[in-house]
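Q: See upload-v3.cif below, with mmCIF, N, CA and C atoms.
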```
data_entry
#
loop_
_atom_site.label_atom_id
_atom_site.label_comp_id
_atom_site.auth_asym_id
_atom_site.auth_seq_id
_atom_site.Cartn_x
_atom_site.Cartn_y
_atom_site.Cartn_z
N MET A 615 -13.08 -17.15 3.51
CA MET A 615 -11.72 -17.40 3.09
C MET A 615 -10.82 -16.31 3.65
N MET A 616 -9.70 -16.73 4.22
CA MET A 616 -8.71 -15.78 4.71
C MET A 616 -7.32 -16.28 4.32
N ASN A 617 -6.52 -15.38 3.75
CA ASN A 617 -5.16 -15.69 3.33
C ASN A 617 -4.26 -14.51 3.68
N VAL A 618 -2.97 -14.71 3.52
CA VAL A 618 -2.00 -13.64 3.67
C VAL A 618 -1.16 -13.58 2.40
N VAL A 619 -1.04 -12.40 1.83
CA VAL A 619 -0.16 -12.17 0.69
C VAL A 619 1.08 -11.46 1.22
N THR A 620 2.25 -11.97 0.86
CA THR A 620 3.50 -11.34 1.27
C THR A 620 4.09 -10.62 0.06
N ILE A 621 4.46 -9.37 0.26
CA ILE A 621 5.00 -8.54 -0.81
C ILE A 621 6.40 -8.11 -0.41
N SER A 622 7.38 -8.47 -1.24
CA SER A 622 8.77 -8.05 -1.00
C SER A 622 9.00 -6.71 -1.66
N THR A 623 9.50 -5.76 -0.87
CA THR A 623 9.77 -4.42 -1.40
C THR A 623 11.28 -4.19 -1.43
N THR A 624 11.69 -3.25 -2.25
CA THR A 624 13.12 -2.92 -2.36
C THR A 624 13.38 -1.47 -1.94
N GLY A 625 12.38 -0.84 -1.36
CA GLY A 625 12.49 0.56 -0.94
C GLY A 625 11.20 1.27 -1.24
N PRO A 626 11.18 2.59 -1.07
CA PRO A 626 9.94 3.34 -1.25
C PRO A 626 9.34 3.15 -2.63
N GLY A 627 8.02 3.11 -2.65
CA GLY A 627 7.34 2.99 -3.93
C GLY A 627 6.04 2.24 -3.81
N LEU A 628 5.36 2.12 -4.93
CA LEU A 628 4.09 1.41 -5.00
C LEU A 628 4.30 0.09 -5.72
N TYR A 629 3.83 -0.97 -5.09
CA TYR A 629 4.02 -2.33 -5.59
C TYR A 629 2.65 -2.94 -5.88
N GLU A 630 2.37 -3.16 -7.16
CA GLU A 630 1.06 -3.69 -7.51
C GLU A 630 0.99 -5.18 -7.19
N PHE A 631 -0.12 -5.60 -6.59
CA PHE A 631 -0.33 -7.03 -6.31
C PHE A 631 -1.77 -7.46 -6.62
N THR A 632 -2.38 -6.80 -7.60
CA THR A 632 -3.74 -7.11 -8.02
C THR A 632 -3.89 -8.57 -8.44
N ASP A 633 -2.96 -9.07 -9.24
CA ASP A 633 -3.06 -10.44 -9.74
C ASP A 633 -2.97 -11.46 -8.61
N ASP A 634 -2.15 -11.18 -7.59
CA ASP A 634 -2.05 -12.09 -6.45
C ASP A 634 -3.39 -12.23 -5.75
N VAL A 635 -4.07 -11.09 -5.58
CA VAL A 635 -5.37 -11.09 -4.91
C VAL A 635 -6.42 -11.75 -5.79
N ALA A 636 -6.44 -11.40 -7.07
CA ALA A 636 -7.43 -11.96 -7.99
C ALA A 636 -7.32 -13.49 -8.05
N GLY A 637 -6.10 -14.00 -7.99
CA GLY A 637 -5.89 -15.44 -8.03
C GLY A 637 -6.50 -16.18 -6.85
N LEU A 638 -6.66 -15.51 -5.74
CA LEU A 638 -7.25 -16.13 -4.55
C LEU A 638 -8.77 -16.26 -4.65
N LEU A 639 -9.37 -15.56 -5.61
CA LEU A 639 -10.83 -15.54 -5.73
C LEU A 639 -11.38 -16.59 -6.69
N HIS A 640 -10.51 -17.40 -7.27
CA HIS A 640 -10.95 -18.43 -8.23
C HIS A 640 -12.00 -19.35 -7.58
N GLY A 641 -13.12 -19.48 -8.23
CA GLY A 641 -14.19 -20.34 -7.74
C GLY A 641 -15.10 -19.70 -6.71
N LYS A 642 -14.84 -18.45 -6.38
CA LYS A 642 -15.69 -17.74 -5.40
C LYS A 642 -16.87 -17.09 -6.13
N GLY A 643 -17.87 -16.70 -5.37
CA GLY A 643 -19.06 -16.06 -5.94
C GLY A 643 -19.04 -14.57 -5.73
N ASP A 644 -20.16 -14.05 -5.23
CA ASP A 644 -20.32 -12.62 -4.97
C ASP A 644 -20.01 -12.35 -3.50
N GLY A 645 -19.45 -11.18 -3.23
CA GLY A 645 -19.17 -10.83 -1.84
C GLY A 645 -18.31 -9.59 -1.74
N LEU A 646 -17.65 -9.48 -0.61
CA LEU A 646 -16.80 -8.32 -0.34
C LEU A 646 -15.42 -8.82 0.07
N LEU A 647 -14.41 -8.25 -0.56
CA LEU A 647 -13.02 -8.57 -0.24
C LEU A 647 -12.47 -7.45 0.63
N THR A 648 -11.83 -7.82 1.71
CA THR A 648 -11.19 -6.85 2.60
C THR A 648 -9.70 -7.15 2.63
N LEU A 649 -8.89 -6.11 2.49
CA LEU A 649 -7.43 -6.22 2.58
C LEU A 649 -6.97 -5.39 3.77
N PHE A 650 -6.01 -5.93 4.53
CA PHE A 650 -5.50 -5.23 5.70
C PHE A 650 -3.97 -5.37 5.74
N CYS A 651 -3.28 -4.24 5.74
CA CYS A 651 -1.82 -4.20 5.81
C CYS A 651 -1.40 -4.26 7.29
N GLN A 652 -0.56 -5.25 7.64
CA GLN A 652 -0.17 -5.47 9.02
C GLN A 652 1.08 -4.69 9.42
N HIS A 653 1.19 -3.47 8.95
CA HIS A 653 2.39 -2.67 9.21
C HIS A 653 2.01 -1.21 9.45
N THR A 654 2.85 -0.48 10.20
CA THR A 654 2.58 0.93 10.49
C THR A 654 3.43 1.87 9.64
N SER A 655 4.25 1.32 8.75
CA SER A 655 5.08 2.17 7.89
C SER A 655 4.91 1.81 6.42
N ALA A 656 3.78 1.20 6.10
CA ALA A 656 3.38 0.91 4.72
C ALA A 656 1.86 1.04 4.68
N SER A 657 1.30 1.19 3.49
CA SER A 657 -0.14 1.35 3.39
C SER A 657 -0.65 0.71 2.10
N LEU A 658 -1.95 0.82 1.88
CA LEU A 658 -2.60 0.26 0.71
C LEU A 658 -3.32 1.36 -0.06
N THR A 659 -3.40 1.18 -1.37
CA THR A 659 -4.16 2.11 -2.19
C THR A 659 -4.62 1.42 -3.46
N ILE A 660 -5.67 1.95 -4.04
CA ILE A 660 -6.11 1.56 -5.38
C ILE A 660 -5.77 2.73 -6.27
N GLN A 661 -5.02 2.46 -7.31
CA GLN A 661 -4.56 3.52 -8.20
C GLN A 661 -4.55 3.05 -9.65
N GLU A 662 -4.32 4.00 -10.53
CA GLU A 662 -4.20 3.70 -11.96
C GLU A 662 -3.01 2.78 -12.19
N ASN A 663 -3.22 1.76 -13.01
CA ASN A 663 -2.12 0.85 -13.33
C ASN A 663 -1.76 0.86 -14.81
N ALA A 664 -2.19 1.89 -15.53
CA ALA A 664 -1.90 1.97 -16.96
C ALA A 664 -0.68 2.85 -17.26
N ASP A 665 -0.61 4.02 -16.67
CA ASP A 665 0.48 4.96 -16.93
C ASP A 665 1.42 4.99 -15.73
N PRO A 666 2.66 4.51 -15.87
CA PRO A 666 3.59 4.49 -14.74
C PRO A 666 3.92 5.88 -14.19
N ASP A 667 3.66 6.93 -14.96
CA ASP A 667 3.89 8.29 -14.45
C ASP A 667 3.00 8.60 -13.25
N VAL A 668 1.81 8.00 -13.20
CA VAL A 668 0.91 8.23 -12.05
C VAL A 668 1.59 7.75 -10.77
N ILE A 669 2.18 6.57 -10.83
CA ILE A 669 2.85 6.00 -9.65
C ILE A 669 4.07 6.84 -9.29
N ARG A 670 4.85 7.23 -10.26
CA ARG A 670 6.03 8.08 -10.00
C ARG A 670 5.62 9.42 -9.39
N ASP A 671 4.57 10.03 -9.94
CA ASP A 671 4.12 11.32 -9.42
C ASP A 671 3.59 11.20 -7.99
N LEU A 672 2.86 10.14 -7.69
CA LEU A 672 2.36 9.94 -6.32
C LEU A 672 3.53 9.81 -5.34
N GLN A 673 4.51 9.02 -5.71
CA GLN A 673 5.67 8.84 -4.84
C GLN A 673 6.41 10.17 -4.65
N ALA A 674 6.60 10.92 -5.71
CA ALA A 674 7.28 12.22 -5.62
C ALA A 674 6.49 13.19 -4.74
N PHE A 675 5.16 13.18 -4.87
CA PHE A 675 4.32 14.05 -4.05
C PHE A 675 4.49 13.74 -2.57
N PHE A 676 4.43 12.46 -2.20
CA PHE A 676 4.56 12.10 -0.79
C PHE A 676 5.96 12.37 -0.26
N GLU A 677 6.98 12.26 -1.10
CA GLU A 677 8.34 12.60 -0.68
C GLU A 677 8.46 14.09 -0.38
N ARG A 678 7.78 14.92 -1.15
CA ARG A 678 7.78 16.37 -0.89
C ARG A 678 6.90 16.73 0.30
N LEU A 679 5.76 16.05 0.41
CA LEU A 679 4.83 16.33 1.49
C LEU A 679 5.42 15.98 2.86
N VAL A 680 6.10 14.83 2.94
CA VAL A 680 6.67 14.35 4.20
C VAL A 680 8.10 13.89 3.93
N PRO A 681 9.06 14.83 3.95
CA PRO A 681 10.46 14.45 3.71
C PRO A 681 11.05 13.70 4.91
N HIS A 682 12.25 13.18 4.74
CA HIS A 682 12.96 12.48 5.82
C HIS A 682 13.14 13.40 7.03
N ALA A 683 13.32 12.81 8.18
CA ALA A 683 13.45 13.54 9.44
C ALA A 683 14.68 14.45 9.47
N ASN A 684 15.69 14.17 8.65
CA ASN A 684 16.88 15.03 8.65
C ASN A 684 16.70 16.27 7.78
N ASP A 685 15.54 16.43 7.13
CA ASP A 685 15.21 17.65 6.41
C ASP A 685 14.89 18.73 7.45
N PRO A 686 15.41 19.96 7.28
CA PRO A 686 15.16 21.02 8.26
C PRO A 686 13.68 21.26 8.56
N SER A 687 12.81 21.04 7.60
CA SER A 687 11.38 21.26 7.81
C SER A 687 10.76 20.23 8.76
N MET A 688 11.50 19.17 9.04
CA MET A 688 10.98 18.10 9.91
C MET A 688 11.68 18.08 11.27
N SER A 689 12.33 19.17 11.63
CA SER A 689 13.11 19.21 12.88
C SER A 689 12.26 19.00 14.13
N PHE A 690 10.96 19.15 14.04
CA PHE A 690 10.06 18.96 15.18
C PHE A 690 9.87 17.49 15.57
N LEU A 691 10.25 16.56 14.69
CA LEU A 691 10.03 15.14 14.95
C LEU A 691 10.91 14.64 16.09
N ARG A 692 10.36 13.83 16.96
CA ARG A 692 11.11 13.24 18.08
C ARG A 692 11.49 11.79 17.80
N HIS A 693 10.59 11.04 17.18
CA HIS A 693 10.84 9.60 16.94
C HIS A 693 11.82 9.43 15.79
N ARG A 694 13.06 9.11 16.13
CA ARG A 694 14.12 8.94 15.13
C ARG A 694 14.92 7.66 15.38
N THR A 695 14.40 6.79 16.23
CA THR A 695 15.11 5.60 16.67
C THR A 695 15.57 4.72 15.52
N GLU A 696 14.73 4.54 14.52
CA GLU A 696 15.04 3.62 13.42
C GLU A 696 15.53 4.33 12.17
N GLY A 697 15.93 5.58 12.29
CA GLY A 697 16.48 6.30 11.15
C GLY A 697 15.59 7.42 10.66
N PRO A 698 16.11 8.24 9.76
CA PRO A 698 15.39 9.43 9.31
C PRO A 698 14.15 9.14 8.45
N ASP A 699 14.00 7.90 7.98
CA ASP A 699 12.83 7.57 7.17
C ASP A 699 11.68 6.98 8.00
N ASP A 700 11.94 6.68 9.28
CA ASP A 700 10.96 5.94 10.07
C ASP A 700 9.72 6.75 10.41
N MET A 701 9.86 7.86 11.11
CA MET A 701 8.68 8.64 11.49
C MET A 701 7.95 9.18 10.26
N PRO A 702 8.66 9.67 9.23
CA PRO A 702 7.94 10.07 8.02
C PRO A 702 7.12 8.92 7.41
N ALA A 703 7.62 7.69 7.53
CA ALA A 703 6.86 6.54 7.03
C ALA A 703 5.57 6.36 7.82
N HIS A 704 5.63 6.55 9.13
CA HIS A 704 4.42 6.46 9.96
C HIS A 704 3.42 7.55 9.57
N ILE A 705 3.90 8.75 9.31
CA ILE A 705 3.02 9.86 8.92
C ILE A 705 2.35 9.54 7.58
N LYS A 706 3.13 9.06 6.61
CA LYS A 706 2.56 8.73 5.30
C LYS A 706 1.51 7.63 5.43
N SER A 707 1.77 6.66 6.28
CA SER A 707 0.79 5.59 6.50
C SER A 707 -0.48 6.14 7.13
N ALA A 708 -0.34 7.09 8.06
CA ALA A 708 -1.51 7.70 8.70
C ALA A 708 -2.32 8.54 7.71
N LEU A 709 -1.67 9.12 6.71
CA LEU A 709 -2.34 9.94 5.71
C LEU A 709 -3.03 9.12 4.63
N THR A 710 -2.66 7.88 4.51
CA THR A 710 -3.24 7.02 3.48
C THR A 710 -4.17 6.03 4.19
N GLN A 711 -4.09 4.75 3.88
CA GLN A 711 -4.96 3.77 4.53
C GLN A 711 -4.27 2.42 4.63
N VAL A 712 -4.66 1.66 5.62
CA VAL A 712 -4.08 0.32 5.80
C VAL A 712 -5.10 -0.77 5.48
N ASN A 713 -6.33 -0.38 5.12
CA ASN A 713 -7.31 -1.39 4.72
C ASN A 713 -8.11 -0.90 3.51
N LEU A 714 -8.55 -1.87 2.72
CA LEU A 714 -9.36 -1.60 1.53
C LEU A 714 -10.52 -2.59 1.50
N SER A 715 -11.63 -2.18 0.92
CA SER A 715 -12.77 -3.06 0.67
C SER A 715 -13.08 -3.00 -0.82
N ILE A 716 -13.22 -4.17 -1.44
CA ILE A 716 -13.47 -4.24 -2.87
C ILE A 716 -14.61 -5.23 -3.12
N PRO A 717 -15.66 -4.81 -3.82
CA PRO A 717 -16.74 -5.77 -4.14
C PRO A 717 -16.24 -6.82 -5.14
N VAL A 718 -16.82 -8.01 -5.02
CA VAL A 718 -16.47 -9.14 -5.88
C VAL A 718 -17.77 -9.68 -6.47
N GLN A 719 -17.76 -9.95 -7.77
CA GLN A 719 -18.91 -10.55 -8.43
C GLN A 719 -18.44 -11.72 -9.27
N ASN A 720 -19.05 -12.87 -9.07
CA ASN A 720 -18.66 -14.09 -9.79
C ASN A 720 -17.16 -14.35 -9.69
N GLY A 721 -16.60 -14.11 -8.52
CA GLY A 721 -15.18 -14.38 -8.30
C GLY A 721 -14.23 -13.38 -8.94
N ARG A 722 -14.75 -12.24 -9.38
CA ARG A 722 -13.91 -11.22 -10.04
C ARG A 722 -13.98 -9.92 -9.26
N LEU A 723 -12.82 -9.29 -9.10
CA LEU A 723 -12.76 -7.98 -8.46
C LEU A 723 -13.50 -6.97 -9.32
N LEU A 724 -14.34 -6.17 -8.70
CA LEU A 724 -15.07 -5.14 -9.45
C LEU A 724 -14.29 -3.83 -9.45
N LEU A 725 -13.06 -3.91 -9.91
CA LEU A 725 -12.21 -2.73 -10.08
C LEU A 725 -12.53 -2.08 -11.42
N GLY A 726 -12.25 -0.78 -11.51
CA GLY A 726 -12.40 -0.08 -12.77
C GLY A 726 -11.34 -0.53 -13.77
N THR A 727 -11.51 -0.13 -15.01
CA THR A 727 -10.64 -0.56 -16.10
C THR A 727 -9.16 -0.34 -15.81
N TRP A 728 -8.80 0.80 -15.26
CA TRP A 728 -7.38 1.13 -15.06
C TRP A 728 -6.96 1.06 -13.59
N GLN A 729 -7.75 0.40 -12.75
CA GLN A 729 -7.43 0.35 -11.33
C GLN A 729 -6.62 -0.90 -10.98
N GLY A 730 -5.66 -0.70 -10.09
CA GLY A 730 -4.87 -1.81 -9.55
C GLY A 730 -4.73 -1.64 -8.05
N ILE A 731 -4.44 -2.73 -7.37
CA ILE A 731 -4.24 -2.72 -5.91
C ILE A 731 -2.74 -2.64 -5.64
N TYR A 732 -2.36 -1.68 -4.79
CA TYR A 732 -0.95 -1.44 -4.52
C TYR A 732 -0.64 -1.44 -3.02
N LEU A 733 0.52 -1.97 -2.68
CA LEU A 733 1.12 -1.72 -1.38
C LEU A 733 2.01 -0.50 -1.57
N PHE A 734 1.90 0.46 -0.68
CA PHE A 734 2.69 1.69 -0.74
C PHE A 734 3.76 1.58 0.34
N GLU A 735 4.97 1.26 -0.06
CA GLU A 735 6.10 1.14 0.88
C GLU A 735 6.64 2.53 1.17
N HIS A 736 6.78 2.83 2.47
CA HIS A 736 7.24 4.16 2.88
C HIS A 736 8.65 4.14 3.47
N ARG A 737 9.26 2.98 3.64
CA ARG A 737 10.60 2.89 4.22
C ARG A 737 11.65 2.73 3.13
N ASP A 738 12.91 3.11 3.46
CA ASP A 738 14.00 3.03 2.49
C ASP A 738 14.53 1.61 2.29
N ALA A 739 14.59 0.84 3.35
CA ALA A 739 15.16 -0.51 3.29
C ALA A 739 14.16 -1.51 2.72
N PRO A 740 14.65 -2.60 2.16
CA PRO A 740 13.74 -3.66 1.70
C PRO A 740 12.98 -4.26 2.89
N HIS A 741 11.74 -4.66 2.63
CA HIS A 741 10.90 -5.29 3.64
C HIS A 741 10.07 -6.40 3.01
N ARG A 742 9.57 -7.27 3.85
CA ARG A 742 8.58 -8.27 3.45
C ARG A 742 7.30 -7.87 4.17
N ARG A 743 6.34 -7.34 3.41
CA ARG A 743 5.10 -6.82 3.97
C ARG A 743 3.99 -7.87 3.85
N ARG A 744 3.19 -7.95 4.88
CA ARG A 744 2.08 -8.91 4.94
C ARG A 744 0.75 -8.17 4.80
N VAL A 745 -0.09 -8.68 3.90
CA VAL A 745 -1.43 -8.13 3.71
C VAL A 745 -2.42 -9.28 3.91
N VAL A 746 -3.30 -9.11 4.89
CA VAL A 746 -4.35 -10.11 5.14
C VAL A 746 -5.45 -9.89 4.12
N VAL A 747 -5.89 -10.99 3.49
CA VAL A 747 -6.92 -10.96 2.48
C VAL A 747 -8.10 -11.77 3.01
N HIS A 748 -9.25 -11.13 3.14
CA HIS A 748 -10.45 -11.82 3.66
C HIS A 748 -11.59 -11.63 2.69
N PHE A 749 -12.19 -12.75 2.27
CA PHE A 749 -13.36 -12.71 1.39
C PHE A 749 -14.57 -13.20 2.16
N ALA A 750 -15.63 -12.40 2.16
CA ALA A 750 -16.90 -12.79 2.77
C ALA A 750 -17.96 -12.78 1.67
N GLY A 751 -18.57 -13.91 1.44
CA GLY A 751 -19.59 -13.99 0.40
C GLY A 751 -20.07 -15.40 0.24
N ASP A 752 -20.76 -15.64 -0.93
CA ASP A 752 -21.29 -16.99 -1.14
C ASP A 752 -20.21 -17.94 -1.58
#
```
How does the structure come out when it is put into structure tokens?
A:
Amino acid sequence: MMNVVTISTTGPGLYEFTDDVAGLLHGKGDGLLTLFCQHTSASLTIQENADPDVIRDLQAFFERLVPHANDPSMSFLRHRTEGPDDMPAHIKSALTQVNLSIPVQNGRLLLGTWQGIYLFEHRDAPHRRRVVVHFAGD
């Protein structure tokens, strides 16, 4: 099974889409689910979905770690064609991941109790991000 999930973003942040993925597994058996983000300025992560402070803190950390290109600490950056958030978005994507693998049993994601699947948007403007979802199993 292969599908594409489209996630609309409104700017930087983490967008949970666990339910979208889980819904695609109805009637499936055991196997491995692979997710792949088709973008170079967004990424994927599995994170806590119980306390929203975790998501806020992660976003704040990455904003401090890799500020916009117009920050004096980022004056070494050359790629500025698409604005001051573009190259920092590529760096954040390189520091995180664009693919995930999740085991599936009886058509259910084997995530931990407080785990959710997130798209991590690194750009300021709204985007429509595509994530390829592939299930291999019985």
Q: Can you tell me, as a PyMOL selection string, which residues sit within 12 Å of (-1.9, -9.2, -11.2) in the file's frame, using only C-alpha atoms?
A: chain A and resi 629-638+663+723+729-732
Q: As a PyMOL selection string, please: every residue in chain A that DSSP puts in strand (DSSP E).
A: chain A and resi 616-623+627-630+645-651+656-662+713-719+722-723+729-735+741-751
Q: Which value, in Å to one decimal, gives the distance between atom C of Val718 (chain A) and atom N of Pro666 (chain A)?
A: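 Distance between the two atoms: 26.6 Å.
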Q: Compile the contact shell of Lys642 (chain A) as a list in words: residues with an atom at most 8 Å away, counting only N, CA and C atoms, same-chain residues fewer than 4 positions apart removed.
A: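 The residues satisfying every condition are Leu638, Val718, Gln719, Asn720, Gly721, Arg722, Gly751 and Asp752 of chain A.
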Q: If you apply the PyMOL selection byres ((chain A and resi 704-714) around 7) to this file, what residues do you get, as JSON, numbers by chain?
A: {"A": [647, 648, 649, 650, 651, 652, 654, 655, 656, 657, 658, 659, 680, 699, 700, 701, 702, 703, 715, 716, 736]}
Q: Within 8 Å of Met616 (chain A), counting all atoms listed in the file, which residues qualify if same-chain residues fewer than 2 places away don't, as a list in words?
A: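 That gives Val618, Val619, Val746, Val747, His748, Phe749 and Ala750 of chain A.
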Q: On this structure, which residues satisfy the PyMOL selection byres ((chain A and resi 743) around 5), written as number ranges by chain?
A: A: 620-622, 741-742, 744-745
Q: Step by step, work through what the PyMOL selection byres (((chain A and resi 673 and name CA) around 10) and name CA) selects in the shown file, and finish by giving those residues as a list of chain:residue names.
A: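 What the PyMOL selection byres (((chain A and resi 673 and name CA) around 10) and name CA) grabs from the file is A:Pro626, A:Gly627, A:Leu628, A:Asp667, A:Val668, A:Ile669, A:Arg670, A:Asp671, A:Leu672, A:Ala674, A:Phe675, A:Phe676, A:Glu677, A:Arg678, A:Leu679, A:Phe734, A:Glu735, A:His736.
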Q: Could you write out that same residue set with N, CA and C atoms as a compact mmCIF listing (two decimals), in the frame of the given file?
A:
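File produced: again.txt:
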```txt
# COMPACT_ATOMS: atom_id res chain seq x y z
N PRO A 626 11.18 2.59 -1.07
CA PRO A 626 9.94 3.34 -1.25
C PRO A 626 9.34 3.15 -2.63
N GLY A 627 8.02 3.11 -2.65
CA GLY A 627 7.34 2.99 -3.93
C GLY A 627 6.04 2.24 -3.81
N LEU A 628 5.36 2.12 -4.93
CA LEU A 628 4.09 1.41 -5.00
C LEU A 628 4.30 0.09 -5.72
N ASP A 667 3.66 6.93 -14.96
CA ASP A 667 3.89 8.29 -14.45
C ASP A 667 3.00 8.60 -13.25
N VAL A 668 1.81 8.00 -13.20
CA VAL A 668 0.91 8.23 -12.05
C VAL A 668 1.59 7.75 -10.77
N ILE A 669 2.18 6.57 -10.83
CA ILE A 669 2.85 6.00 -9.65
C ILE A 669 4.07 6.84 -9.29
N ARG A 670 4.85 7.23 -10.26
CA ARG A 670 6.03 8.08 -10.00
C ARG A 670 5.62 9.42 -9.39
N ASP A 671 4.57 10.03 -9.94
CA ASP A 671 4.12 11.32 -9.42
C ASP A 671 3.59 11.20 -7.99
N LEU A 672 2.86 10.14 -7.69
CA LEU A 672 2.36 9.94 -6.32
C LEU A 672 3.53 9.81 -5.34
N ALA A 674 6.60 10.92 -5.71
CA ALA A 674 7.28 12.22 -5.62
C ALA A 674 6.49 13.19 -4.74
N PHE A 675 5.16 13.18 -4.87
CA PHE A 675 4.32 14.05 -4.05
C PHE A 675 4.49 13.74 -2.57
N PHE A 676 4.43 12.46 -2.20
CA PHE A 676 4.56 12.10 -0.79
C PHE A 676 5.96 12.37 -0.26
N GLU A 677 6.98 12.26 -1.10
CA GLU A 677 8.34 12.60 -0.68
C GLU A 677 8.46 14.09 -0.38
N ARG A 678 7.78 14.92 -1.15
CA ARG A 678 7.78 16.37 -0.89
C ARG A 678 6.90 16.73 0.30
N LEU A 679 5.76 16.05 0.41
CA LEU A 679 4.83 16.33 1.49
C LEU A 679 5.42 15.98 2.86
N PHE A 734 1.90 0.46 -0.68
CA PHE A 734 2.69 1.69 -0.74
C PHE A 734 3.76 1.58 0.34
N GLU A 735 4.97 1.26 -0.06
CA GLU A 735 6.10 1.14 0.88
C GLU A 735 6.64 2.53 1.17
N HIS A 736 6.78 2.83 2.47
CA HIS A 736 7.24 4.16 2.88
C HIS A 736 8.65 4.14 3.47
```
Q: What is the distance, in Å and to one decimal place, between CA of His693 (chain A) and atom C of His653 (chain A)?
A: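 CA of His693 (chain A) sits 15.8 Å away from atom C of His653 (chain A).
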Q: Using the file's own x, y and z axes, what box holds all listed atoms of region 674-678 of chain A with 5 Å on each side, keeping edges along x, y and z, and what are its centre and edge lengths in Å to one decimal, as AutoDock Vina command-line options?
A:
```
--center_x 6.4 --center_y 13.8 --center_z -2.7 --size_x 14.1 --size_y 15.8 --size_z 16.0
```
Q: What is the distance between CA of Ala739 (chain A) and atom C of Thr623 (chain A), in Å to one decimal?
A: 7.1 Å
Q: Just checking: using only C-alpha atoms, which residue out of A:Thr695, A:Ala664, A:Leu733, A:Met615 ends up closest to Gly641 (chain A)?
A: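 Looking at the shortest contact to Gly641 (chain A), the residue is A:Met615.
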Q: Which of these residues is nearest to Pro717 (chain A), using all atoms listed in the file: A:Gly697, A:Gly645, A:Gly625, A:Pro686?
A: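 Ranked by minimum distance to Pro717 (chain A), first place goes to A:Gly645.
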Q: Hey, what does DSSP flag as alpha helix (DSSP H) within chain A? Can you give it to me as JSON, numbers by chain?
A: {"A": [632, 633, 634, 635, 636, 637, 638, 666, 667, 668, 669, 670, 671, 672, 673, 674, 675, 676, 677, 678, 679, 700, 701, 702, 703, 704, 705, 706, 707, 708, 709]}
